[in-house]
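Text of the file data_14.pdb, holding PDB, C-alpha atoms:
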ATOM      1  CA  MET A 409      85.436  91.716  91.546
ATOM      2  CA  ARG A 410      84.782  93.036  95.020
ATOM      3  CA  LYS A 411      87.741  94.748  96.588
ATOM      4  CA  LEU A 412      88.805  93.515 100.011
ATOM      5  CA  SER A 413      87.540  95.348 103.025
ATOM      6  CA  LEU A 414      89.888  97.713 104.808
ATOM      7  CA  PHE A 415      90.742  95.562 107.772
ATOM      8  CA  PHE A 416      92.235  93.051 105.394
ATOM      9  CA  ILE A 417      94.115  95.570 103.309
ATOM     10  CA  SER A 418      96.977  95.829 105.744
ATOM     11  CA  ILE A 419      97.676  94.617 109.256
ATOM     12  CA  ILE A 420      99.828  96.349 111.825
ATOM     13  CA  MET A 421     103.143  94.738 112.609
ATOM     14  CA  LEU A 422     104.292  94.717 116.201
ATOM     15  CA  GLY A 423     107.582  95.857 117.707
ATOM     16  CA  ALA A 424     109.593  94.423 120.551
ATOM     17  CA  MET A 425     109.068  96.636 123.605
ATOM     18  CA  LEU A 426     111.820  98.270 125.618
ATOM     19  CA  SER A 427     111.665  99.553 129.137
ATOM     20  CA  ALA A 428     110.472 103.123 129.573
ATOM     21  CA  CYS A 429     112.820 105.952 128.600
ATOM     22  CA  SER A 430     114.869 103.801 126.208
ATOM     23  CA  ALA A 431     114.858 103.609 122.426
ATOM     24  CA  ILE A 432     112.881 101.090 120.444
ATOM     25  CA  THR A 433     115.140 100.088 117.579
ATOM     26  CA  SER A 434     112.823  98.391 115.092
ATOM     27  CA  THR A 435     109.059  98.039 114.894
ATOM     28  CA  VAL A 436     109.348  94.965 112.726
ATOM     29  CA  ASP A 437     112.234  92.566 113.127
ATOM     30  CA  GLN A 438     114.657  93.171 115.946
ATOM     31  CA  ALA A 439     114.457  91.718 119.415
ATOM     32  CA  THR A 440     115.696  94.174 122.026
ATOM     33  CA  THR A 441     116.711  94.326 125.643
ATOM     34  CA  GLY A 442     113.809  94.083 128.055
ATOM     35  CA  VAL A 443     112.118  91.452 125.889
ATOM     36  CA  THR A 444     112.242  87.756 126.683
ATOM     37  CA  SER A 445     113.368  85.244 124.082
ATOM     38  CA  GLY A 446     109.836  83.863 123.930
ATOM     39  CA  GLU A 447     108.311  87.286 123.317
ATOM     40  CA  SER A 448     110.855  88.026 120.620
ATOM     41  CA  LYS A 449     110.070  84.765 118.808
ATOM     42  CA  GLU A 450     106.343  85.427 119.061
ATOM     43  CA  ILE A 451     106.715  88.905 117.548
ATOM     44  CA  GLU A 452     108.998  87.572 114.805
ATOM     45  CA  LYS A 453     106.514  84.860 113.835
ATOM     46  CA  TYR A 454     103.518  87.158 114.032
ATOM     47  CA  ASN A 455     105.210  89.738 111.804
ATOM     48  CA  ALA A 456     106.083  87.035 109.252
ATOM     49  CA  TYR A 457     102.383  86.183 109.049
ATOM     50  CA  VAL A 458     101.512  89.879 108.794
ATOM     51  CA  ARG A 459     103.859  90.305 105.831
ATOM     52  CA  LEU A 460     102.105  87.434 104.063
ATOM     53  CA  ASN A 461      98.728  89.012 104.843
ATOM     54  CA  ASN A 462      99.896  92.358 103.501
ATOM     55  CA  LEU A 463     101.281  90.838 100.297
ATOM     56  CA  MET A 464      97.892  89.228  99.688
ATOM     57  CA  THR A 465      95.844  92.303 100.462
ATOM     58  CA  GLY A 466      98.371  94.578  98.793
ATOM     59  CA  ARG A 467     100.121  93.630  95.571
ATOM     60  CA  ILE A 468      98.288  90.370  94.844
ATOM     61  CA  ASN A 469      94.927  92.043  95.390
ATOM     62  CA  GLU A 470      96.027  94.925  93.149
ATOM     63  CA  VAL A 471      97.012  92.555  90.327
ATOM     64  CA  LEU A 472      93.765  90.573  90.556
ATOM     65  CA  VAL A 473      91.511  93.632  90.736
ATOM     66  CA  HIS A 474      93.343  95.215  87.780
ATOM     67  CA  TYR A 475      92.863  92.077  85.685
ATOM     68  CA  PHE A 476      89.268  91.234  86.608
ATOM     69  CA  GLU A 477      88.076  94.810  86.176
ATOM     70  CA  LYS A 478      89.285  94.525  82.575
ATOM     71  CA  PHE A 479      88.137  90.988  81.688
ATOM     72  CA  GLY A 480      85.330  90.265  84.153
ATOM     73  CA  VAL A 481      85.023  87.370  86.609
ATOM     74  CA  ASP A 482      83.011  84.911  84.486
ATOM     75  CA  THR A 483      84.685  81.807  83.060
ATOM     76  CA  GLN A 484      84.893  83.485  79.639
ATOM     77  CA  PRO A 485      86.681  86.849  79.416
ATOM     78  CA  VAL A 486      85.107  90.061  78.147
ATOM     79  CA  ILE A 487      87.395  91.294  75.353
ATOM     80  CA  GLU A 488      86.925  94.827  74.087
ATOM     81  CA  LYS A 489      87.032  95.609  70.377
ATOM     82  CA  ASN A 490      89.853  98.144  70.665
ATOM     83  CA  PHE A 491      91.887  96.079  73.091
ATOM     84  CA  SER A 492      94.696  97.540  75.161
ATOM     85  CA  PHE A 493      96.005  96.128  78.431
ATOM     86  CA  ILE A 494      99.106  96.024  80.615
ATOM     87  CA  MET A 495      99.277  92.957  82.847
ATOM     88  CA  LEU A 496     100.617  93.635  86.319
ATOM     89  CA  GLY A 497     102.835  91.160  88.133
ATOM     90  CA  VAL A 498     104.168  90.187  91.548
ATOM     91  CA  ALA A 499     107.938  90.574  91.850
ATOM     92  CA  GLU A 500     110.102  87.712  93.125
ATOM     93  CA  THR A 501     111.330  89.867  96.008
ATOM     94  CA  GLU A 502     107.737  90.407  97.134
ATOM     95  CA  ARG A 503     107.068  86.638  97.153
ATOM     96  CA  GLU A 504     109.813  85.817  99.632
ATOM     97  CA  VAL A 505     107.347  86.354 102.477
ATOM     98  CA  ILE A 506     105.348  83.280 101.394
ATOM     99  CA  ASP A 507     108.071  80.729 102.107
ATOM    100  CA  LYS A 508     109.208  82.658 105.180
ATOM    101  CA  ALA A 509     105.721  82.535 106.671
ATOM    102  CA  ASN A 510     105.378  78.846 105.839
ATOM    103  CA  GLY A 511     108.697  78.227 107.572
ATOM    104  CA  TYR A 512     107.235  79.453 110.865
ATOM    105  CA  THR A 513     104.236  77.093 110.935
ATOM    106  CA  ALA A 514     106.021  74.545 113.116
ATOM    107  CA  SER A 515     107.725  77.184 115.281
ATOM    108  CA  GLN A 516     106.766  78.078 118.830
ATOM    109  CA  PRO A 517     104.653  79.678 120.021
ATOM    110  CA  ALA A 518     101.886  77.944 118.119
ATOM    111  CA  PHE A 519      99.159  80.087 116.591
ATOM    112  CA  ALA A 520      96.397  77.486 116.646
ATOM    113  CA  ASN A 521      94.076  79.242 114.202
ATOM    114  CA  ALA A 522      96.668  80.601 111.768
ATOM    115  CA  ASP A 523      99.351  77.885 111.519
ATOM    116  CA  PRO A 524      97.258  75.229 109.723
ATOM    117  CA  VAL A 525      95.801  77.818 107.344
ATOM    118  CA  VAL A 526      99.272  79.007 106.323
ATOM    119  CA  ILE A 527     100.114  75.382 105.447
ATOM    120  CA  LYS A 528      96.958  75.122 103.318
ATOM    121  CA  LEU A 529      97.471  78.538 101.776
ATOM    122  CA  THR A 530     101.073  78.141 100.583
ATOM    123  CA  PRO A 531     100.467  75.775  97.613
ATOM    124  CA  VAL A 532      97.254  77.568  96.684
ATOM    125  CA  ILE A 533      98.881  80.993  96.535
ATOM    126  CA  ASN A 534     101.817  79.571  94.562
ATOM    127  CA  ASP A 535      99.394  78.041  92.042
ATOM    128  CA  LEU A 536      97.698  81.414  91.653
ATOM    129  CA  LEU A 537     101.007  83.206  91.138
ATOM    130  CA  SER A 538     102.034  80.603  88.555
ATOM    131  CA  VAL A 539      98.957  81.409  86.466
ATOM    132  CA  LEU A 540      99.539  85.135  86.864
ATOM    133  CA  ASP A 541     103.123  84.644  85.636
ATOM    134  CA  GLU A 542     101.863  82.840  82.527
ATOM    135  CA  MET A 543      99.409  85.652  81.873
ATOM    136  CA  LYS A 544     102.033  88.351  82.304
ATOM    137  CA  ALA A 545     104.325  86.655  79.788
ATOM    138  CA  TYR A 546     101.399  86.263  77.379
ATOM    139  CA  TYR A 547     100.279  89.898  77.540
ATOM    140  CA  ASP A 548     103.785  91.360  77.715
ATOM    141  CA  THR A 549     104.618  89.607  74.423
ATOM    142  CA  LYS A 550     101.188  90.427  72.956
ATOM    143  CA  GLY A 551     100.566  86.734  72.347
ATOM    144  CA  TYR A 552      96.921  87.494  71.675
ATOM    145  CA  VAL A 553      97.942  89.043  68.355
ATOM    146  CA  ASP A 554      99.338  85.652  67.242
ATOM    147  CA  ASP A 555      96.504  83.380  68.376
ATOM    148  CA  ASP A 556      93.457  85.680  68.471
ATOM    149  CA  PHE A 557      93.193  85.296  72.267
ATOM    150  CA  ALA A 558      93.014  81.483  72.161
ATOM    151  CA  LYS A 559      95.561  81.043  74.963
ATOM    152  CA  GLY A 560      94.300  84.187  76.681
ATOM    153  CA  LYS A 561      90.853  82.588  77.027
ATOM    154  CA  GLN A 562      92.374  79.389  78.395
ATOM    155  CA  LEU A 563      94.461  81.316  80.898
ATOM    156  CA  HIS A 564      91.441  83.369  81.961
ATOM    157  CA  THR A 565      89.445  80.225  82.770
ATOM    158  CA  LYS A 566      92.478  78.832  84.567
ATOM    159  CA  LEU A 567      92.826  82.032  86.619
ATOM    160  CA  VAL A 568      89.146  82.081  87.586
ATOM    161  CA  SER A 569      89.523  78.540  88.941
ATOM    162  CA  ALA A 570      92.807  79.280  90.738
ATOM    163  CA  ASN A 571      91.384  82.469  92.209
ATOM    164  CA  LEU A 572      88.305  80.663  93.514
ATOM    165  CA  ALA A 573      90.523  78.219  95.397
ATOM    166  CA  TYR A 574      92.691  81.095  96.606
ATOM    167  CA  GLU A 575      89.734  83.158  97.842
ATOM    168  CA  THR A 576      88.357  80.204  99.796
ATOM    169  CA  VAL A 577      91.566  79.679 101.765
ATOM    170  CA  SER A 578      92.499  83.366 101.957
ATOM    171  CA  LYS A 579      89.215  84.168 103.709
ATOM    172  CA  GLN A 580      90.108  81.571 106.341
ATOM    173  CA  TYR A 581      93.514  83.194 106.708
ATOM    174  CA  PHE A 582      92.142  86.713 107.007
ATOM    175  CA  THR A 583      89.694  85.547 109.671
ATOM    176  CA  ALA A 584      92.488  83.853 111.610
ATOM    177  CA  MET A 585      94.704  86.923 111.300
ATOM    178  CA  GLN A 586      91.913  89.220 112.428
ATOM    179  CA  LYS A 587      91.484  87.205 115.622
ATOM    180  CA  LEU A 588      95.230  86.894 116.175
ATOM    181  CA  GLY A 589      95.805  90.556 115.352
ATOM    182  CA  ASN A 590      93.180  91.732 117.832
ATOM    183  CA  GLU A 591      94.774  89.710 120.625
ATOM    184  CA  GLN A 592      98.314  90.794 119.783
ATOM    185  CA  ARG A 593      97.524  94.487 119.400
ATOM    186  CA  LEU A 594      95.559  94.761 122.627
ATOM    187  CA  ALA A 595      98.454  93.146 124.467
ATOM    188  CA  GLU A 596     100.867  95.522 122.725
ATOM    189  CA  LEU A 597      98.699  98.507 123.638
ATOM    190  CA  GLN A 598      98.798  97.561 127.307
ATOM    191  CA  LYS A 599     102.596  97.139 127.191
ATOM    192  CA  LEU A 600     102.968 100.580 125.658
ATOM    193  CA  LYS A 601     100.789 102.101 128.350
ATOM    194  CA  ASP A 602     102.615 100.322 131.166
ATOM    195  CA  SER A 603     106.028 101.409 129.855
ATOM    196  CA  ASP A 604     104.954 105.046 129.410
ATOM    197  CA  GLN A 605     105.426 104.953 125.629
ATOM    198  CA  ARG A 606     102.692 107.533 125.175
ATOM    199  CA  ILE A 607     103.360 108.506 121.559
ATOM    200  CA  ARG A 608     103.480 104.896 120.447
ATOM    201  CA  TYR A 609     100.412 104.162 122.586
ATOM    202  CA  ASN A 610      98.405 106.914 120.916
ATOM    203  CA  ALA A 611      99.681 105.927 117.464
ATOM    204  CA  LEU A 612      98.504 102.348 117.918
ATOM    205  CA  LYS A 613      95.223 103.352 119.555
ATOM    206  CA  PHE A 614      94.330 105.537 116.569
ATOM    207  CA  MET A 615      95.097 102.635 114.252
ATOM    208  CA  ILE A 616      92.909 100.206 116.190
ATOM    209  CA  ASP A 617      89.977 102.613 116.451
ATOM    210  CA  ALA A 618      90.259 103.725 112.817
ATOM    211  CA  GLU A 619      90.074 100.101 111.727
ATOM    212  CA  ALA A 620      87.006  99.695 113.946
ATOM    213  CA  THR A 621      85.430 102.581 112.000
ATOM    214  CA  ALA A 622      86.140 100.819 108.723
ATOM    215  CA  ILE A 623      84.922  97.467 110.024
ATOM    216  CA  GLU A 624      81.647  99.119 111.063
ATOM    217  CA  MET A 625      81.016 100.111 107.442
ATOM    218  CA  ASP A 626      82.033  96.690 106.206
ATOM    219  CA  GLU A 627      79.699  94.929 108.632
ATOM    220  CA  GLN A 628      76.868  97.180 107.452
ATOM    221  CA  GLY A 629      77.674  96.171 103.872
ATOM    222  CA  ILE A 630      78.356  99.777 102.891
ATOM    223  CA  THR A 631      80.284 100.532  99.688
ATOM    224  CA  ALA A 632      80.348 103.441  97.245
ATOM    225  CA  ASN A 633      77.200 102.015  95.660
ATOM    226  CA  ASN A 634      75.054 102.432  98.770
ATOM    227  CA  VAL A 635      77.045 104.841 100.932
ATOM    228  CA  LEU A 636      73.976 107.000 101.633
ATOM    229  CA  GLN A 637      72.455 104.040 103.497
ATOM    230  CA  LEU A 638      75.151 104.157 106.178
ATOM    231  CA  ASP A 639      73.746 104.011 109.731
ATOM    232  CA  MET A 640      75.230 107.266 110.961
ATOM    233  CA  THR A 641      74.540 106.607 114.641
ATOM    234  CA  LYS A 642      76.684 103.481 114.657
ATOM    235  CA  PHE A 643      79.291 105.000 112.359
ATOM    236  CA  LYS A 644      79.653 108.217 114.356
ATOM    237  CA  ALA A 645      80.158 106.274 117.591
ATOM    238  CA  LYS A 646      83.324 104.776 116.059
ATOM    239  CA  TYR A 647      84.279 107.916 114.127
ATOM    240  CA  ASP A 648      84.201 110.150 117.219
ATOM    241  CA  ILE A 649      86.606 107.862 119.104
ATOM    242  CA  MET A 650      88.966 107.814 116.118
ATOM    243  CA  THR A 651      88.802 111.616 115.906
ATOM    244  CA  ALA A 652      89.653 112.019 119.592
ATOM    245  CA  ASP A 653      92.557 109.593 119.162
ATOM    246  CA  LEU A 654      93.967 111.661 116.314
ATOM    247  CA  SER A 655      93.701 114.876 118.312
ATOM    248  CA  ALA A 656      95.621 113.312 121.211
ATOM    249  CA  LEU A 657      98.228 111.893 118.842
ATOM    250  CA  MET A 658      98.759 115.206 117.053
ATOM    251  CA  THR A 659      99.293 116.977 120.370
ATOM    252  CA  ILE A 660     101.699 114.526 121.965
ATOM    253  CA  SER A 661     103.718 113.901 118.793
ATOM    254  CA  LYS A 662     104.711 117.594 118.830
ATOM    255  CA  ASP A 663     106.352 117.180 122.246
ATOM    256  CA  LYS A 664     110.045 117.084 121.300
ATOM    257  CA  ASN A 665     111.103 115.955 124.760
ATOM    258  CA  ARG A 666     108.643 113.084 124.627
ATOM    259  CA  VAL A 667     109.830 112.112 121.127
ATOM    260  CA  GLN A 668     113.409 112.022 122.364
ATOM    261  CA  LYS A 669     112.493 110.141 125.537
ATOM    262  CA  GLU A 670     110.763 107.403 123.556
ATOM    263  CA  GLY A 671     113.616 107.226 121.043
ATOM    264  CA  ILE A 672     111.305 107.845 118.065
ATOM    265  CA  ASN A 673     112.532 109.081 114.728
ATOM    266  CA  SER A 674     110.764 112.438 114.366
ATOM    267  CA  PHE A 675     110.475 112.053 110.589
ATOM    268  CA  SER A 676     108.734 108.662 110.807
ATOM    269  CA  ILE A 677     106.195 109.781 113.410
ATOM    270  CA  ARG A 678     105.468 112.952 111.435
ATOM    271  CA  ASN A 679     104.838 110.880 108.317
ATOM    272  CA  TYR A 680     102.475 108.652 110.247
ATOM    273  CA  VAL A 681     100.535 111.559 111.745
ATOM    274  CA  ASP A 682     100.165 113.112 108.290
ATOM    275  CA  SER A 683      98.875 109.835 106.874
ATOM    276  CA  ALA A 684      96.533 109.309 109.843
ATOM    277  CA  THR A 685      95.182 112.833 109.291
ATOM    278  CA  GLU A 686      94.443 112.010 105.649
ATOM    279  CA  ALA A 687      92.614 108.845 106.717
ATOM    280  CA  LYS A 688      90.485 110.705 109.231
ATOM    281  CA  ALA A 689      89.696 113.380 106.610
ATOM    282  CA  ALA A 690      88.584 110.635 104.217
ATOM    283  CA  ALA A 691      86.080 109.456 106.835
ATOM    284  CA  SER A 692      84.897 113.052 107.308
ATOM    285  CA  LYS A 693      84.208 113.291 103.582
ATOM    286  CA  ILE A 694      81.867 110.313 103.871
ATOM    287  CA  ILE A 695      79.868 112.254 106.452
ATOM    288  CA  GLU A 696      79.864 115.318 104.180
ATOM    289  CA  ARG A 697      78.551 113.247 101.279
ATOM    290  CA  ILE A 698      75.764 111.803 103.403
ATOM    291  CA  ASN A 699      74.826 115.226 104.813
ATOM    292  CA  LYS A 700      74.551 116.544 101.257
ATOM    293  CA  LYS A 701      72.636 113.411 100.190
ATOM    294  CA  GLU A 702      75.049 113.160  97.260
ATOM    295  CA  PRO A 703      75.330 109.643  95.778
ATOM    296  CA  VAL A 704      78.523 108.551  94.051
ATOM    297  CA  SER A 705      78.259 109.281  90.317
ATOM    298  CA  ASP A 706      77.867 106.480  87.799
ATOM    299  CA  SER A 707      81.104 107.516  86.116
ATOM    300  CA  ASP A 708      82.984 107.047  89.389
ATOM    301  CA  LEU A 709      81.218 103.765  90.147
ATOM    302  CA  ASN A 710      82.137 102.419  86.722
ATOM    303  CA  GLY A 711      85.710 103.680  86.840
ATOM    304  CA  GLN A 712      88.793 101.706  87.822
ATOM    305  CA  PHE A 713      89.963 104.125  90.512
ATOM    306  CA  LEU A 714      87.144 104.179  93.055
ATOM    307  CA  ASN A 715      89.662 104.308  95.899
ATOM    308  CA  THR A 716      90.497 107.877  94.852
ATOM    309  CA  THR A 717      86.862 109.021  94.928
ATOM    310  CA  ASP A 718      86.210 111.297  97.909
ATOM    311  CA  GLY A 719      83.467 110.366 100.329
ATOM    312  CA  THR A 720      83.554 106.601  99.740
ATOM    313  CA  PRO A 721      84.447 103.684 102.010
ATOM    314  CA  GLU A 722      86.916 102.591  99.329
ATOM    315  CA  ASN A 723      88.797 105.874  99.609
ATOM    316  CA  PHE A 724      88.822 105.671 103.403
ATOM    317  CA  ASN A 725      90.055 102.083 103.187
ATOM    318  CA  TYR A 726      92.840 103.106 100.838
ATOM    319  CA  LYS A 727      93.944 106.041 102.990
ATOM    320  CA  LEU A 728      93.869 103.922 106.115
ATOM    321  CA  SER A 729      95.937 101.181 104.504
ATOM    322  CA  LYS A 730      98.559 103.836 103.759
ATOM    323  CA  ALA A 731      98.439 104.913 107.404
ATOM    324  CA  VAL A 732      99.051 101.305 108.439
ATOM    325  CA  GLU A 733     102.128 101.280 106.193
ATOM    326  CA  ARG A 734     103.405 104.459 107.813
ATOM    327  CA  TYR A 735     102.736 103.007 111.260
ATOM    328  CA  ASN A 736     104.816  99.968 110.385
ATOM    329  CA  GLU A 737     107.687 102.326 109.466
ATOM    330  CA  ILE A 738     107.794 104.149 112.822
ATOM    331  CA  ASN A 739     111.234 103.771 114.375
TER     332      ASN A 739
END
Encoded form using structure tokens:
Amino acid sequence: MRKLSLFFISIIMLGAMLSACSAITSTVDQATTGVTSGESKEIEKYNAYVRLNNLMTGRINEVLVHYFEKFGVDTQPVIEKNFSFIMLGVAETEREVIDKANGYTASQPAFANADPVVIKLTPVINDLLSVLDEMKAYYDTKGYVDDDFAKGKQLHTKLVSANLAYETVSKQYFTAMQKLGNEQRLAELQKLKDSDQRIRYNALKFMIDAEATAIEMDEQGITANNVLQLDMTKFKAKYDIMTADLSALMTISKDKNRVQKEGINSFSIRNYVDSATEAKAAASKIIERINKKEPVSDSDLNGQFLNTTDGTPENFNYKLSKAVERYNEIN
């Protein structure tokens, strides 16, 4: 099963903006002074959709990849002779974002591209989770010992069908969120610049340009399998901008007066800078691999943890998704 591309691994949530020189209380949920009621509602709705996106590209994707890497994606499962498997699950607390997002579909402002897809997606994602719940109960109780995988085979076929329906609608959702996210983030970037929130401006700019670097690889169809075929001219054009962004961010985030002026928690911005540095380094390792003409080994390609393999788009995607998480925690 192909892992999702980076852009769809995690999306940046937006915060309600304050006037310059005043604290920003929450990057996720709270409306603050200096923000109109309409802007607050727009941010609240957008972030609800982001949380749904990040559940799908986070935990749900993790559960599906873990399962399909073990059993394959064909209608009949591949069952090893010396079978051993732990089925992952999606916690009830993680699922709350599904109904919350669906509850915003009729709310203003309307998101013309995303609203109808959320309505379509809700029953489909719930059907998928229902099958995953059945499978978790089956494998947790080792039901396959009792019936020689009879129900396991039925559930596998059922999951393949449910996942096909889910992938069809989820692609529509990711496309809608990409368009919506681009519009929202560019508007947010301008607000940060206008209000002299320079640390937050540089933090968001790195995130946008780092995602552009990842999207460049995705659009070229580059994975660990063919990483040496990366068009370096196009890649470096994006990579160099991302690198300059990080340098600017590292410098300004060390300005204690600026940190205090913007009301930023020094611990949260430090965590983000560290994570952004790791993401940039992961992209640098791709360049190193290409310069050395060193393909990814077969053992790594056949392993289940390709996102930990240095010098691969998968590793860069993973590191960048962690940076997105740290960005969303800045307060």
Proximity of range 552-626 of chain A to range 716-725 of chain A: per-residue shortest pair, 9 Å limit, all atoms listed in the file, as a Markdown table:
| residue | atom | partner | partner_atom | distance |
| --- | --- | --- | --- | --- |
| A:Glu619 | CA | A:Asn725 | CA | 8.8 |
| A:Ala622 | CA | A:Asn725 | CA | 6.9 |
| A:Met625 | CA | A:Pro721 | CA | 7.4 |
| A:Asp626 | CA | A:Pro721 | CA | 8.5 |
| message | For the PyMOL selection byres ((chain A and resi 532-547) around 7), applied here, can you spell out every residue it catches as a list of chain:residue names? | response |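 Given this file, the PyMOL selection byres ((chain A and resi 532-547) around 7) evaluates to A:Ile494, A:Met495, A:Leu496, A:Gly497, A:Leu529, A:Thr530, A:Pro531, A:Asp548, A:Thr549, A:Lys550, A:Gly551, A:Leu563, A:Leu567, A:Ala570, A:Asn571, A:Ala573, A:Tyr574.
Nearest residue to Gln628 in chain A among A:Ser569, A:Met640, A:Asp554, A:Gln592 is A:Met640, counting all atoms listed in the file.
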| 10 Å contact set for Pro524 in chain A, all atoms listed in the file, chain neighbours under 4 positions out, as number ranges by chain | A: 510, 513-514, 518-520, 528-529, 581
| field | Nearest-residue call for Asn665 in chain A, choices A:Gly589, A:Asp708, A:Ile607, A:Phe582, using all atoms listed in the file | value |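 Selected residue with least distance to Asn665 in chain A: A:Ile607.
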| task | Pull the neighbourhood of (73.2, 108.7, 102.5) for me: all residues within 8 Å in file coordinates, counting only C-alpha atoms, as a list of chain:residue names. | result |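 Output of the proximity query reads A:Asn634, A:Val635, A:Leu636, A:Gln637, A:Leu638, A:Arg697, A:Ile698, A:Asn699, A:Lys701, A:Glu702, A:Pro703.
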| request: Work out how far CA of Ile616 in chain A is from CA of Tyr680 in chain A, in Å to one decimal. | output: 14.1 Å
